[in-house]
>>> print(open('target03.cif').read())   # mmCIF, C-alpha atoms
data_input
#
loop_
_atom_site.label_atom_id
_atom_site.label_comp_id
_atom_site.auth_asym_id
_atom_site.auth_seq_id
_atom_site.Cartn_x
_atom_site.Cartn_y
_atom_site.Cartn_z
CA HIS A 3 54.53 147.77 63.03
CA PRO A 4 53.36 148.58 66.61
CA ARG A 5 55.11 145.57 68.19
CA ARG A 6 58.40 146.42 66.47
CA LEU A 7 58.13 150.04 67.63
CA GLU A 8 57.49 148.84 71.20
CA VAL A 9 60.60 146.62 71.14
CA MET A 10 62.69 149.49 69.76
CA ALA A 11 61.40 151.82 72.48
CA ASP A 12 62.28 149.29 75.19
CA ALA A 13 65.79 148.93 73.75
CA ILE A 14 66.28 152.70 73.71
CA ASN A 15 65.06 153.00 77.33
CA SER A 16 67.41 150.21 78.38
CA ASP A 17 70.35 151.97 76.73
CA VAL A 18 69.43 155.25 78.41
CA GLU A 19 69.19 153.57 81.85
CA HIS A 20 72.55 151.82 81.30
CA HIS A 21 74.13 155.13 80.25
CA ASN A 22 72.69 156.90 83.30
CA HIS A 23 74.02 154.15 85.59
CA ARG A 24 77.50 154.44 84.08
CA THR A 25 77.34 158.23 84.37
CA LYS A 26 76.40 158.02 88.06
CA LEU A 27 79.19 155.49 88.70
CA SER A 28 81.72 157.67 86.87
CA SER A 29 80.50 160.74 88.73
CA PHE A 30 80.93 158.94 92.06
CA PHE A 31 84.54 157.98 91.40
CA ALA A 32 85.23 161.46 90.03
CA SER A 33 83.60 163.16 93.01
CA ASP A 34 85.60 164.88 95.70
CA SER A 35 84.14 162.51 98.32
CA ALA A 36 85.38 159.39 96.54
CA LYS A 37 88.76 160.95 95.82
CA THR A 38 89.07 161.88 99.50
CA LYS A 39 88.27 158.30 100.56
CA MET A 40 90.71 156.79 98.07
CA SER A 41 93.44 159.25 99.09
CA THR A 42 93.84 157.41 102.41
CA LEU A 43 95.17 154.31 100.65
CA LEU A 44 98.65 155.79 100.10
CA PRO A 45 99.50 156.70 103.72
CA ILE A 46 97.88 153.51 105.02
CA SER A 47 99.87 151.34 102.59
CA ALA A 48 103.17 153.08 103.34
CA GLY A 49 102.72 152.70 107.09
CA CYS A 50 101.64 149.06 106.88
CA VAL A 51 104.55 148.02 104.64
CA ALA A 52 107.05 149.62 107.03
CA SER A 53 105.52 148.06 110.16
CA ALA A 54 105.32 144.58 108.59
CA ALA A 55 108.97 144.63 107.49
CA VAL A 56 110.34 145.94 110.79
CA MET A 57 108.44 143.48 113.00
CA TYR A 58 108.85 140.35 110.83
CA PRO A 59 111.60 138.57 112.86
CA MET A 60 109.33 138.69 115.91
CA ASP A 61 106.50 137.17 113.85
CA VAL A 62 108.74 134.22 112.92
CA ILE A 63 109.45 133.46 116.60
CA ARG A 64 105.75 133.88 117.43
CA ALA A 65 104.78 131.39 114.70
CA LEU A 66 107.37 128.84 115.83
CA ARG A 67 106.22 129.09 119.44
CA MET A 68 102.50 128.87 118.65
CA ALA A 69 102.87 126.03 116.14
CA SER A 70 104.69 123.95 118.76
CA ALA A 71 101.57 123.89 120.96
CA SER A 72 100.14 120.90 119.07
CA GLU A 73 103.30 118.83 119.41
CA GLN A 74 103.47 116.03 121.96
CA ALA A 75 106.84 117.04 123.39
CA SER A 76 107.51 120.47 124.87
CA VAL A 77 110.31 122.41 123.16
CA SER A 78 111.79 125.64 124.53
CA THR A 79 111.70 128.85 122.52
CA VAL A 80 115.50 128.90 122.41
CA GLN A 81 115.58 125.40 120.92
CA LEU A 82 112.88 126.28 118.38
CA VAL A 83 114.91 129.28 117.23
CA ARG A 84 118.09 127.18 117.10
CA ASN A 85 116.36 124.59 114.94
CA PHE A 86 115.07 127.31 112.64
CA ILE A 87 118.51 128.92 112.29
CA TYR A 88 120.09 125.49 111.67
CA THR A 89 117.67 124.96 108.77
CA HIS A 90 117.46 128.47 107.31
CA GLY A 91 120.42 130.38 108.77
CA VAL A 92 120.34 133.56 110.87
CA LEU A 93 119.14 135.60 107.90
CA GLY A 94 116.16 133.28 107.69
CA LEU A 95 114.67 135.24 110.61
CA ALA A 96 114.45 138.22 108.27
CA LYS A 97 113.75 136.55 104.91
CA GLN A 98 112.19 133.07 105.28
CA GLY A 99 108.56 133.73 104.33
CA VAL A 100 109.05 137.50 104.48
CA LEU A 101 107.44 138.22 101.08
CA PRO A 102 104.09 136.58 101.88
CA GLU A 103 104.20 138.18 105.34
CA ILE A 104 104.75 141.69 104.00
CA ALA A 105 102.11 141.09 101.32
CA ARG A 106 99.72 139.55 103.87
CA ALA A 107 100.23 142.10 106.63
CA THR A 108 100.08 145.05 104.26
CA LEU A 109 96.96 143.83 102.46
CA MET A 110 95.24 142.92 105.74
CA ARG A 111 95.88 146.23 107.46
CA VAL A 112 95.28 148.35 104.38
CA LEU A 113 91.85 146.73 104.00
CA GLN A 114 91.13 147.05 107.72
CA PHE A 115 92.15 150.70 108.05
CA PHE A 116 90.58 151.65 104.70
CA THR A 117 87.23 149.86 105.15
CA TYR A 118 86.90 150.70 108.87
CA PRO A 119 85.74 154.35 108.41
CA LEU A 120 83.60 153.36 105.41
CA LEU A 121 81.86 150.58 107.37
CA HIS A 122 81.51 152.85 110.39
CA GLU A 123 79.64 155.43 108.30
CA ALA A 124 77.59 152.72 106.57
CA LEU A 125 76.60 150.97 109.82
CA PHE A 126 76.04 153.98 112.09
CA SER A 127 75.61 156.95 109.69
CA ILE A 128 78.26 158.96 111.53
CA PRO A 129 81.96 159.59 110.79
CA THR A 130 84.67 158.07 112.96
CA SER A 131 85.28 161.50 114.51
CA GLU A 132 81.87 161.12 116.24
CA SER A 133 82.33 157.44 117.14
CA THR A 134 81.91 155.70 120.48
CA PRO A 135 83.94 152.72 121.78
CA GLN A 136 81.05 150.43 120.87
CA THR A 137 80.72 151.67 117.28
CA ARG A 138 84.49 151.55 116.77
CA LEU A 139 84.61 147.98 118.10
CA ILE A 140 81.80 146.74 115.83
CA ALA A 141 83.07 148.53 112.72
CA GLY A 142 86.63 147.36 113.40
CA MET A 143 85.53 143.74 113.75
CA ALA A 144 83.42 144.01 110.57
CA ALA A 145 86.44 145.41 108.69
CA SER A 146 88.25 142.14 109.42
CA LEU A 147 85.97 140.11 107.13
CA PRO A 148 87.15 141.51 103.75
CA SER A 149 90.75 141.37 104.97
CA ALA A 150 90.39 137.71 106.03
CA LEU A 151 89.00 136.78 102.60
CA ALA A 152 91.94 138.50 100.92
CA ILE A 153 94.84 137.26 103.06
CA THR A 154 94.07 133.63 103.98
CA PRO A 155 96.03 132.13 101.03
CA LEU A 156 99.00 134.35 101.93
CA GLU A 157 98.65 133.36 105.59
CA ASN A 158 98.88 129.71 104.59
CA ALA A 159 101.89 130.39 102.36
CA LYS A 160 103.67 132.22 105.19
CA ILE A 161 103.07 129.42 107.70
CA ALA A 162 104.16 126.79 105.17
CA LEU A 163 107.45 128.64 104.62
CA GLN A 164 108.09 129.44 108.29
CA LEU A 165 107.56 125.78 109.30
CA ASP A 166 109.31 124.30 106.24
CA ASN A 167 111.93 122.20 108.03
CA GLU A 168 112.37 119.99 104.96
CA LYS A 169 112.94 122.95 102.58
CA ARG A 170 110.25 121.60 100.26
CA PHE A 171 109.20 125.06 99.10
CA GLY A 172 112.61 126.74 98.79
CA ASN A 173 111.29 130.01 100.33
CA SER A 174 108.97 130.34 97.31
CA MET A 175 105.57 131.86 98.03
CA GLY A 176 104.25 130.44 94.75
CA ALA A 177 105.36 126.91 95.62
CA ALA A 178 103.71 127.15 99.04
CA VAL A 179 100.40 128.35 97.57
CA ARG A 180 100.47 125.70 94.81
CA HIS A 181 100.96 123.04 97.50
CA LEU A 182 97.39 123.75 98.61
CA TRP A 183 95.98 124.91 95.29
CA CYS A 184 96.58 121.53 93.68
CA ARG A 185 94.19 119.99 96.23
CA GLY A 186 91.25 122.18 95.17
CA VAL A 187 90.19 125.73 94.39
CA LEU A 188 89.21 126.40 98.02
CA ALA A 189 92.19 124.62 99.58
CA PRO A 190 94.26 127.84 99.95
CA TYR A 191 91.43 129.11 102.18
CA VAL A 192 91.83 126.47 104.89
CA GLY A 193 91.70 128.23 108.23
CA LEU A 194 89.58 131.13 106.94
CA GLN A 195 87.30 130.95 109.96
CA GLY A 196 90.32 131.20 112.25
CA VAL A 197 91.89 134.08 110.31
CA PHE A 198 88.66 136.09 110.55
CA THR A 199 88.20 135.33 114.26
CA ARG A 200 91.82 136.19 115.05
CA SER A 201 91.67 139.44 113.08
CA ALA A 202 88.32 140.57 114.47
CA ILE A 203 89.32 139.97 118.08
CA SER A 204 92.58 141.86 117.51
CA PHE A 205 91.67 144.81 115.26
CA GLY A 206 88.28 145.59 116.84
CA PRO A 207 89.65 146.13 120.36
CA TYR A 208 92.75 147.89 118.94
CA ILE A 209 90.77 150.49 117.00
CA ALA A 210 88.28 150.88 119.89
CA THR A 211 90.92 151.55 122.57
CA LEU A 212 93.46 153.53 120.49
CA PRO A 213 91.88 156.97 121.17
CA TYR A 214 91.86 156.25 124.92
CA ALA A 215 95.44 155.01 124.90
CA ASN A 216 96.54 158.14 123.01
CA SER A 217 94.60 160.36 125.44
CA VAL A 218 96.87 159.02 128.18
CA THR A 219 100.20 158.75 126.39
CA ILE A 220 100.24 162.00 124.39
CA PRO A 221 99.69 164.27 127.46
CA ALA A 222 102.33 162.20 129.32
CA MET A 223 104.82 162.74 126.48
CA LYS A 224 104.02 166.47 126.41
CA ARG A 225 104.87 166.66 130.08
CA ALA A 226 108.09 164.77 129.42
CA PHE A 227 109.23 166.57 126.25
CA GLY A 228 107.37 169.87 126.53
CA ASP A 229 104.09 171.04 125.02
CA ASN A 230 105.76 172.46 121.92
CA SER A 231 108.10 169.53 121.30
CA PRO A 232 107.50 167.76 117.95
CA LEU A 233 108.53 164.51 119.65
CA ALA A 234 105.65 164.60 122.12
CA ALA A 235 102.87 163.69 119.68
CA LYS A 236 105.05 161.21 117.78
CA VAL A 237 106.20 159.30 120.86
CA GLY A 238 102.70 159.60 122.31
CA ASN A 239 101.19 157.98 119.19
CA LEU A 240 103.90 155.30 119.27
CA THR A 241 103.33 154.34 122.91
CA GLY A 242 99.54 154.64 122.63
CA GLY A 243 99.57 152.38 119.59
CA PHE A 244 101.71 149.86 121.47
CA LEU A 245 99.27 149.78 124.40
CA ALA A 246 96.22 149.35 122.13
CA GLY A 247 97.98 146.75 119.99
CA SER A 248 99.14 144.81 123.05
CA PHE A 249 95.59 144.78 124.40
CA GLY A 250 94.28 143.31 121.15
CA ALA A 251 97.13 140.78 121.05
CA ALA A 252 96.46 139.59 124.61
CA LEU A 253 92.78 139.04 123.79
CA ASN A 254 93.32 137.17 120.54
CA CYS A 255 96.31 135.00 121.49
CA PRO A 256 94.35 131.74 122.06
CA PHE A 257 92.36 132.27 118.84
CA ASP A 258 95.50 132.94 116.82
CA LEU A 259 97.25 129.92 118.30
CA VAL A 260 94.36 127.62 117.34
CA ARG A 261 94.25 129.18 113.87
CA THR A 262 98.00 128.62 113.40
CA ASN A 263 97.75 124.95 114.36
CA LEU A 264 94.64 124.37 112.24
CA GLN A 265 96.46 125.71 109.18
CA LYS A 266 99.60 123.78 110.12
CA GLN A 267 97.58 120.54 110.16
CA ALA A 268 95.88 121.42 106.86
CA ILE A 269 99.23 122.09 105.16
CA ALA A 270 100.47 118.70 106.36
CA LEU A 271 97.28 116.99 105.13
CA ALA A 272 97.76 118.56 101.69
CA LYS A 273 100.68 116.21 101.05
CA GLU A 274 97.95 113.71 100.09
CA PRO A 275 94.73 114.23 98.09
CA MET A 276 91.99 115.99 100.06
CA THR A 277 88.23 115.63 99.64
CA THR A 278 86.03 118.65 98.99
CA ALA A 279 84.18 118.02 102.26
CA GLN A 280 87.48 117.98 104.13
CA ILE A 281 88.58 121.29 102.57
CA LEU A 282 85.23 122.94 103.32
CA ARG A 283 85.37 121.84 106.97
CA LEU A 284 88.92 123.13 107.40
CA SER A 285 87.99 126.43 105.75
CA PHE A 286 84.61 127.29 107.24
CA SER A 287 83.67 124.92 110.06
CA TYR A 288 84.04 126.15 113.63
CA THR A 289 83.60 122.53 114.72
CA ASP A 290 87.04 121.67 113.32
CA TYR A 291 88.45 124.92 114.75
CA ILE A 292 87.17 124.05 118.24
CA GLU A 293 88.42 120.46 117.87
CA VAL A 294 91.98 121.72 117.33
CA ALA A 295 91.64 123.81 120.51
CA ARG A 296 90.33 120.79 122.41
CA GLN A 297 93.25 118.62 121.28
CA ILE A 298 95.76 121.23 122.43
CA VAL A 299 94.11 121.56 125.84
CA VAL A 300 93.94 117.77 126.32
CA ARG A 301 97.62 117.32 125.42
CA ARG A 302 99.19 120.39 127.00
CA GLY A 303 96.61 122.06 129.28
CA VAL A 304 94.75 125.37 129.01
CA GLY A 305 97.99 127.31 129.46
CA ALA A 306 99.18 126.00 126.08
CA LEU A 307 96.64 128.27 124.39
CA TYR A 308 98.80 131.21 125.50
CA MET A 309 102.11 129.88 124.22
CA GLY A 310 103.94 132.65 122.39
CA LEU A 311 101.95 135.36 124.18
CA THR A 312 105.04 137.46 124.97
CA PHE A 313 106.28 137.38 121.39
CA LYS A 314 102.76 138.06 120.09
CA ILE A 315 102.39 141.12 122.32
CA VAL A 316 105.78 142.42 121.18
CA HIS A 317 104.91 141.70 117.54
CA ILE A 318 101.33 143.02 117.43
CA GLY A 319 102.04 145.76 119.95
CA GLY A 320 105.00 146.86 117.85
CA VAL A 321 102.94 146.80 114.66
CA GLY A 322 100.17 148.75 116.39
CA ALA A 323 102.69 151.30 117.63
CA LEU A 324 104.29 151.77 114.22
CA ASN A 325 100.94 152.06 112.45
CA ALA A 326 99.64 154.57 114.99
CA ALA A 327 102.80 156.66 114.60
CA LEU A 328 103.61 156.24 110.91
CA ILE A 329 100.18 156.52 109.27
CA PRO A 330 99.61 160.08 110.64
CA GLU A 331 103.12 161.00 109.49
CA PHE A 332 102.47 159.67 105.99
CA LYS A 333 99.11 161.48 106.00
CA ARG A 334 100.93 164.77 106.55
CA MET A 335 103.59 163.83 103.99
CA PHE A 336 100.97 163.06 101.32
CA LYS A 337 98.68 165.92 102.44
CA VAL A 338 95.68 163.71 103.24
CA ASP A 339 93.05 165.32 105.50
CA ARG A 340 90.47 162.53 105.85
CA ALA A 341 90.36 160.82 109.25
CA ILE A 342 91.44 157.17 109.28
CA PHE A 343 91.17 156.28 112.97
#
>>> encode(input="target03.cif", output="structure tokens")
Amino acid sequence: HPRRLEVMADAINSDVEHHNHRTKLSSFFASDSAKTKMSTLLPISAGCVASAAVMYPMDVIRALRMASASEQASVSTVQLVRNFIYTHGVLGLAKQGVLPEIARATLMRVLQFFTYPLLHEALFSIPTSESTPQTRLIAGMAASLPSALAITPLENAKIALQLDNEKRFGNSMGAAVRHLWCRGVLAPYVGLQGVFTRSAISFGPYIATLPYANSVTIPAMKRAFGDNSPLAAKVGNLTGGFLAGSFGAALNCPFDLVRTNLQKQAIALAKEPMTTAQILRLSFSYTDYIEVARQIVVRRGVGALYMGLTFKIVHIGGVGALNAALIPEFKRMFKVDRAIF
């Protein structure tokens, strides 16, 4: 029957197209290009885990200082740390919320460093080795979107644990996430707009200025240690990464402070049932984000937006330094040739 033969022919063509699509997809992931791109994940992950673990105590102090900006009474950094140690002990500086922080920081920076060269090539059709400051800045900021989508629940869990004066969550990442999850599917994403803004204004400038920072610090270290010294490049990468990271930290401090306090307020609100409209505003609305900034300025002045700046520079500058120094070392260790930054 002609109609039946036509249907059978269409089915066969559909199967052939589906097979060809699967073959192309398999060929892509089996290709040398895809393998080369995926090979960067191992050195990036190793460097990011190490930097997150080493710099965590400084992140705790930064979070305490920034979260205090929305309080009515001013509390010194020393008193904030004393209160934290009284609640969680000295070891709390190294372990209270450390699992979500290592998971968050590693996932964020792995996605940023991995997607940055891919987005750079996709947006500008040139590799990062031929980049300009402008293309690095745009691609670096764009790379912060997938990372923000991935880490916001972990960011909320970390803040909940770091500010858990009542020990409601028992240093459990799962308990902190469930605290928001029970209020709605999107509740763990409160503060997403702030996480993206903070990340974009930090990572974009960092990745844009890192080559220039290294062009200053590496020659300086060669003069100090000698041209043939293996320490020259390593210390040069370390100091260059610190300068670039500190620059990004100084720019994004007000945005990170507002983000911290927005998520702090959302975590407190989650003690009671939350409406879907409320969750959506706290997750995506820049109106609510700006309102938190306005409240801080009204209560404490514009200077309050820079509370914790010193600790943030030490934290992010230190992370930037370690990533700039360790990722190239892990690249050599794992024999990865593809450029990352």
>>> closest_residue(input="target03.cif", among="A:Leu253, A:Leu163, A:Ala226, A:Ala107", to="Ser149 (chain A)", atoms="only C-alpha atoms")
A:Ala107
>>> residues_around(input="target03.cif", residues="region 195-197 of chain A", least_positions_apart="4", cutoff="6 Å", atoms="all atoms listed in the file", output="list of chain:residue names")
A:Ala150, A:Arg261, A:Phe286
>>> atom_distance(input="target03.cif", atom1="CA of Arg106 (chain A)", atom2="CA of Lys266 (chain A)")
17.0 Å
>>> residues_near_point(input="target03.cif", point="(101.6, 143.7, 124.1)", cutoff="6 Å", atoms="only C-alpha atoms", output="PyMOL selection string")
chain A and resi 248+315-316+319
>>> atom_distance(input="target03.cif", atom1="CA of Asn85 (chain A)", atom2="CA of Met309 (chain A)")
17.8 Å
>>> resolve_selection(input="target03.cif", expression="the PyMOL selection byres ((chain A and resi 327) around 9)", output="PyMOL selection string")
chain A and resi 49+235-243+322-326+328-331
>>> closest_residue(input="target03.cif", among="A:Ala295, A:Gln265, A:Arg302, A:Tyr191", to="Leu282 (chain A)", atoms="only C-alpha atoms")
A:Tyr191
>>> closest_residue(input="target03.cif", among="A:Arg301, A:Arg296, A:Arg334, A:Arg200", to="Ile318 (chain A)", atoms="only C-alpha atoms")
A:Arg200
>>> resolve_selection(input="target03.cif", expression="the PyMOL selection byres ((chain A and resi 212-220) around 6)", output="tab-separated table (two decimals) with C-alpha atoms, in the frame of the given file")
chain	number	residue	atom	x	y	z
A	208	TYR	CA	92.75	147.89	118.94
A	209	ILE	CA	90.77	150.49	117.00
A	210	ALA	CA	88.28	150.88	119.89
A	211	THR	CA	90.92	151.55	122.57
A	221	PRO	CA	99.69	164.27	127.46
A	222	ALA	CA	102.33	162.20	129.32
A	223	MET	CA	104.82	162.74	126.48
A	235	ALA	CA	102.87	163.69	119.68
A	238	GLY	CA	102.70	159.60	122.31
A	242	GLY	CA	99.54	154.64	122.63
A	246	ALA	CA	96.22	149.35	122.13
>>> closest_residue(input="target03.cif", among="A:Leu307, A:Ile342, A:Leu259, A:Val77", to="Ala65 (chain A)", atoms="all atoms listed in the file")
A:Leu259
>>> closest_residue(input="target03.cif", among="A:Met68, A:Val179, A:Leu44, A:Val112", to="Lys333 (chain A)", atoms="all atoms listed in the file")
A:Leu44
